[in-house]
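Only one structure is covered here, and it is reproduced in the block below.
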Amino acid sequence: MRTKDLVHVALFAAIVVVLGLFPAVPLPFVPVPITAQSLGVMLAGSILGARKGGLALLVFVVLVAVGLPVLSSGAGGLGALLRPSGGFVLSWPVAAFVIGWLTERVWRRYNLGWALLCNAAGGIVVSYLIGVPFLAVAGGLDLWTALTGSLAFVPGDAAKVVLASLAGVTMRRAYPLVPARAA
């Protein structure tokens, strides 16, 4: 990796940390708050691509694991990753990688429609596929209750998909960082 790549990875890990400064919104029916940090996951994948985007979120998860209070709740440490919301945090490197991988595959024809699809697939589907079962186990809920409780996140996540997609398309035009890959 070049120095420029390392700077991009560190910058996007820092962006996710800064998004954690926005206060978390607790929900009464599921032990996972609404946060702005998942927007950083989508931004990393759609702007940096698979490798650097996934690595940026892996750096963030390592920062959490070693105890830095970088989650929106002010929590850090392995205990924070074992809470009901931990599955969503652990899904972020995979989600950013998937968003970036999909983005790289459609890079030559990347537009708002493709960006929305890539961000929704990685930022919502992948995060929920990992986070909801973890929520059920760690929160002592049955899978159906965890899934239906998580539906409250969909409108906010959809708004984040739109914001990240607009940013990704704008960055592609102004300062493209994603390498085009064969489909």
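Just remember, in the structure tokens the first chain shown is A, the second B, etc., residues are 1-based per chain, and ligands are 1-based in the order shown.
Inside chain A, the residues DSSP reads as strand (DSSP E or B) when given the backbone are Val25, Pro26, Leu27, Val30, Pro31, Val32, Pro33 and Ile34 of chain A.
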Near segment 45-62 of chain A, within 7 Å and counting only C-alpha atoms, which residues show up once chain neighbours fewer than 3 positions away are dropped, as a PDB file with C-alpha atoms, in the first residue's frame?
ATOM      1  CA  VAL A   9      -7.859   4.466   5.122  1.00  0.00           C
ATOM      2  CA  ALA A  10      -7.009   6.526   8.209  1.00  0.00           C
ATOM      3  CA  PHE A  12     -12.242   7.318   6.592  1.00  0.00           C
ATOM      4  CA  ALA A  13     -11.702   5.553   9.917  1.00  0.00           C
ATOM      5  CA  VAL A  41     -19.475   2.707   6.265  1.00  0.00           C
ATOM      6  CA  MET A  42     -21.329   3.514   3.067  1.00  0.00           C
ATOM      7  CA  ALA A  65     -11.710  -3.429  20.414  1.00  0.00           C
ATOM      8  CA  VAL A  66      -8.648  -1.893  22.079  1.00  0.00           C
ATOM      9  CA  LEU A  90     -18.624  -6.051  13.418  1.00  0.00           C
ATOM     10  CA  TRP A  92     -19.120  -2.721   9.036  1.00  0.00           C
ATOM     11  CA  PRO A  93     -15.821  -3.875   7.480  1.00  0.00           C
ATOM     12  CA  VAL A  94     -17.690  -6.533   5.490  1.00  0.00           C
ATOM     13  CA  ALA A  96     -17.846  -1.459   3.307  1.00  0.00           C
ATOM     14  CA  PHE A  97     -15.976  -4.160   1.396  1.00  0.00           C
ATOM     15  CA  VAL A  98     -19.163  -5.344  -0.338  1.00  0.00           C
ATOM     16  CA  ILE A  99     -20.192  -1.780  -1.228  1.00  0.00           C
ATOM     17  CA  GLY A 100     -16.726  -1.148  -2.648  1.00  0.00           C
ATOM     18  CA  TRP A 101     -16.617  -4.470  -4.495  1.00  0.00           C
ATOM     19  CA  THR A 103     -18.961  -0.219  -6.932  1.00  0.00           C
ATOM     20  CA  GLU A 104     -15.749  -1.397  -8.593  1.00  0.00           C
ATOM     21  CA  GLY A 168     -20.025   8.634  -4.214  1.00  0.00           C
ATOM     22  CA  MET A 171     -16.541  12.022  -5.879  1.00  0.00           C
ATOM     23  CA  LEU A 177     -10.452   6.928  -6.042  1.00  0.00           C
ATOM     24  CA  VAL A 178     -12.112   3.610  -6.896  1.00  0.00           C
TER      25      VAL A 178
END
(message) Could you check the closest approach to Arg173 of chain A for each of A:Ile34, A:Val64, A:Ala75, A:Leu112 and tell me which residue wins, using only C-alpha atoms?
(response) A:Leu112
(message) Between A:Leu19, A:Val30, A:Pro176, A:Val162, which residue has the minimum interatomic distance to Gly113 of chain A, considering only C-alpha atoms?
(response)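 Result for the nearest residue to Gly113 of chain A: A:Val162.
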(message) With DSSP run on the backbone, what are the helix (DSSP H, G or I) residues within segment 23-177 of chain A? I'd like them as a PyMOL selection string.
(response) chain A and resi 37-48+50-65+78-81+86-105+107-109+112-139+143-174
For the selection just defined, write its residues with C-alpha atoms to a file, as an mmCIF file, in the first residue's frame.
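again09.cif, freshly written:
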data_model
loop_
_atom_site.group_PDB
_atom_site.id
_atom_site.type_symbol
_atom_site.label_atom_id
_atom_site.label_comp_id
_atom_site.auth_asym_id
_atom_site.auth_seq_id
_atom_site.Cartn_x
_atom_site.Cartn_y
_atom_site.Cartn_z
ATOM 1 C CA GLN A 37 -21.767 6.020 11.976
ATOM 2 C CA SER A 38 -23.276 3.633 9.443
ATOM 3 C CA LEU A 39 -23.185 6.523 6.973
ATOM 4 C CA GLY A 40 -19.377 6.384 7.235
ATOM 5 C CA VAL A 41 -19.475 2.707 6.265
ATOM 6 C CA MET A 42 -21.329 3.514 3.067
ATOM 7 C CA LEU A 43 -19.102 6.493 2.296
ATOM 8 C CA ALA A 44 -15.933 4.418 2.748
ATOM 9 C CA GLY A 45 -17.112 1.662 0.427
ATOM 10 C CA SER A 46 -18.493 3.901 -2.286
ATOM 11 C CA ILE A 47 -15.614 6.393 -2.297
ATOM 12 C CA LEU A 48 -12.572 4.210 -1.498
ATOM 13 C CA ALA A 50 -13.490 -2.619 -1.536
ATOM 14 C CA ARG A 51 -9.971 -2.969 -0.202
ATOM 15 C CA LYS A 52 -9.427 0.479 1.281
ATOM 16 C CA GLY A 53 -13.049 0.895 2.417
ATOM 17 C CA GLY A 54 -13.088 -2.459 4.194
ATOM 18 C CA LEU A 55 -9.683 -1.762 5.717
ATOM 19 C CA ALA A 56 -10.818 1.662 6.990
ATOM 20 C CA LEU A 57 -13.678 0.043 8.881
ATOM 21 C CA LEU A 58 -11.438 -2.754 10.106
ATOM 22 C CA VAL A 59 -9.175 -0.077 11.603
ATOM 23 C CA PHE A 60 -12.247 1.443 13.250
ATOM 24 C CA VAL A 61 -13.305 -1.920 14.736
ATOM 25 C CA VAL A 62 -9.756 -2.431 16.051
ATOM 26 C CA LEU A 63 -9.937 1.005 17.698
ATOM 27 C CA VAL A 64 -13.176 -0.066 19.384
ATOM 28 C CA ALA A 65 -11.710 -3.429 20.414
ATOM 29 C CA LEU A 78 -14.378 -5.869 23.640
ATOM 30 C CA GLY A 79 -17.419 -5.553 25.893
ATOM 31 C CA ALA A 80 -18.892 -2.981 23.523
ATOM 32 C CA LEU A 81 -18.527 -5.428 20.649
ATOM 33 C CA GLY A 86 -21.954 -5.324 18.417
ATOM 34 C CA GLY A 87 -22.991 -7.410 15.427
ATOM 35 C CA PHE A 88 -23.764 -4.291 13.449
ATOM 36 C CA VAL A 89 -20.367 -2.782 14.311
ATOM 37 C CA LEU A 90 -18.624 -6.051 13.418
ATOM 38 C CA SER A 91 -20.490 -6.088 10.097
ATOM 39 C CA TRP A 92 -19.120 -2.721 9.036
ATOM 40 C CA PRO A 93 -15.821 -3.875 7.480
ATOM 41 C CA VAL A 94 -17.690 -6.533 5.490
ATOM 42 C CA ALA A 95 -20.402 -4.054 4.471
ATOM 43 C CA ALA A 96 -17.846 -1.459 3.307
ATOM 44 C CA PHE A 97 -15.976 -4.160 1.396
ATOM 45 C CA VAL A 98 -19.163 -5.344 -0.338
ATOM 46 C CA ILE A 99 -20.192 -1.780 -1.228
ATOM 47 C CA GLY A 100 -16.726 -1.148 -2.648
ATOM 48 C CA TRP A 101 -16.617 -4.470 -4.495
ATOM 49 C CA LEU A 102 -19.976 -3.803 -6.144
ATOM 50 C CA THR A 103 -18.961 -0.219 -6.932
ATOM 51 C CA GLU A 104 -15.749 -1.397 -8.593
ATOM 52 C CA ARG A 105 -17.721 -3.829 -10.770
ATOM 53 C CA TRP A 107 -17.448 1.765 -12.064
ATOM 54 C CA ARG A 108 -17.466 2.478 -15.808
ATOM 55 C CA ARG A 109 -21.240 3.019 -15.747
ATOM 56 C CA LEU A 112 -26.870 7.423 -8.969
ATOM 57 C CA GLY A 113 -28.937 4.313 -9.672
ATOM 58 C CA TRP A 114 -25.955 1.978 -9.397
ATOM 59 C CA ALA A 115 -24.702 3.832 -6.338
ATOM 60 C CA LEU A 116 -28.062 3.427 -4.597
ATOM 61 C CA LEU A 117 -28.057 -0.297 -5.375
ATOM 62 C CA CYS A 118 -24.461 -0.824 -4.178
ATOM 63 C CA ASN A 119 -24.979 1.123 -0.957
ATOM 64 C CA ALA A 120 -28.300 -0.567 -0.178
ATOM 65 C CA ALA A 121 -26.870 -4.042 -0.812
ATOM 66 C CA GLY A 122 -23.835 -3.531 1.412
ATOM 67 C CA GLY A 123 -24.995 -0.885 3.835
ATOM 68 C CA ILE A 124 -28.399 -2.362 4.622
ATOM 69 C CA VAL A 125 -28.588 -5.991 3.481
ATOM 70 C CA VAL A 126 -25.101 -7.105 4.587
ATOM 71 C CA SER A 127 -25.249 -5.148 7.849
ATOM 72 C CA TYR A 128 -28.639 -6.622 8.725
ATOM 73 C CA LEU A 129 -27.630 -10.168 7.711
ATOM 74 C CA ILE A 130 -24.819 -10.016 10.267
ATOM 75 C CA GLY A 131 -26.261 -7.596 12.830
ATOM 76 C CA VAL A 132 -29.781 -8.974 13.303
ATOM 77 C CA PRO A 133 -28.799 -12.556 14.225
ATOM 78 C CA PHE A 134 -26.118 -11.160 16.569
ATOM 79 C CA LEU A 135 -28.754 -8.885 18.113
ATOM 80 C CA ALA A 136 -31.027 -11.874 18.661
ATOM 81 C CA VAL A 137 -28.324 -13.919 20.398
ATOM 82 C CA ALA A 138 -26.689 -11.126 22.419
ATOM 83 C CA GLY A 139 -29.992 -9.468 23.279
ATOM 84 C CA LEU A 143 -34.905 -13.878 15.555
ATOM 85 C CA TRP A 144 -38.333 -12.599 14.502
ATOM 86 C CA THR A 145 -38.423 -9.998 17.295
ATOM 87 C CA ALA A 146 -34.890 -8.861 16.439
ATOM 88 C CA LEU A 147 -35.792 -8.596 12.753
ATOM 89 C CA THR A 148 -39.043 -6.703 13.248
ATOM 90 C CA GLY A 149 -37.399 -4.400 15.795
ATOM 91 C CA SER A 150 -34.626 -3.666 13.320
ATOM 92 C CA LEU A 151 -37.137 -2.515 10.706
ATOM 93 C CA ALA A 152 -37.219 0.790 12.596
ATOM 94 C CA PHE A 153 -33.730 1.462 11.233
ATOM 95 C CA VAL A 154 -34.704 1.100 7.567
ATOM 96 C CA PRO A 155 -35.970 4.676 6.928
ATOM 97 C CA GLY A 156 -32.829 6.228 8.430
ATOM 98 C CA ASP A 157 -30.593 3.738 6.655
ATOM 99 C CA ALA A 158 -32.383 4.505 3.377
ATOM 100 C CA ALA A 159 -31.645 8.209 3.884
ATOM 101 C CA LYS A 160 -27.982 7.339 4.549
ATOM 102 C CA VAL A 161 -27.936 5.269 1.346
ATOM 103 C CA VAL A 162 -29.111 8.324 -0.612
ATOM 104 C CA LEU A 163 -26.528 10.637 1.025
ATOM 105 C CA ALA A 164 -23.654 8.183 0.508
ATOM 106 C CA SER A 165 -24.730 7.546 -3.087
ATOM 107 C CA LEU A 166 -24.828 11.250 -3.901
ATOM 108 C CA ALA A 167 -21.380 11.654 -2.335
ATOM 109 C CA GLY A 168 -20.025 8.634 -4.214
ATOM 110 C CA VAL A 169 -21.273 9.858 -7.590
ATOM 111 C CA THR A 170 -19.959 13.362 -6.909
ATOM 112 C CA MET A 171 -16.541 12.022 -5.879
ATOM 113 C CA ARG A 172 -16.411 9.850 -9.003
ATOM 114 C CA ARG A 173 -16.796 12.958 -11.134
ATOM 115 C CA ALA A 174 -14.474 15.201 -9.118
#
(request) To one decimal in Å, tell me the separation between atom CA of Thr3 of chain A and atom CA of Arg181 of chain A. (result)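 These two atoms are separated by 22.0 Å.
Taking atom CA of Pro23 of chain A and atom CA of Thr35 of chain A as the two end points, the separation is 7.1 Å.
For the pair atom CA of Leu27 of chain A and atom CA of Pro69 of chain A, the separation is 21.0 Å.
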(request) Go through A:Pro84, A:Tyr110, A:Val18, A:Pro31 and flag the residue nearest Ser72 of chain A, using only C-alpha atoms for the distances. (result)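 For Ser72 of chain A, the nearest of the given residues is A:Val18.
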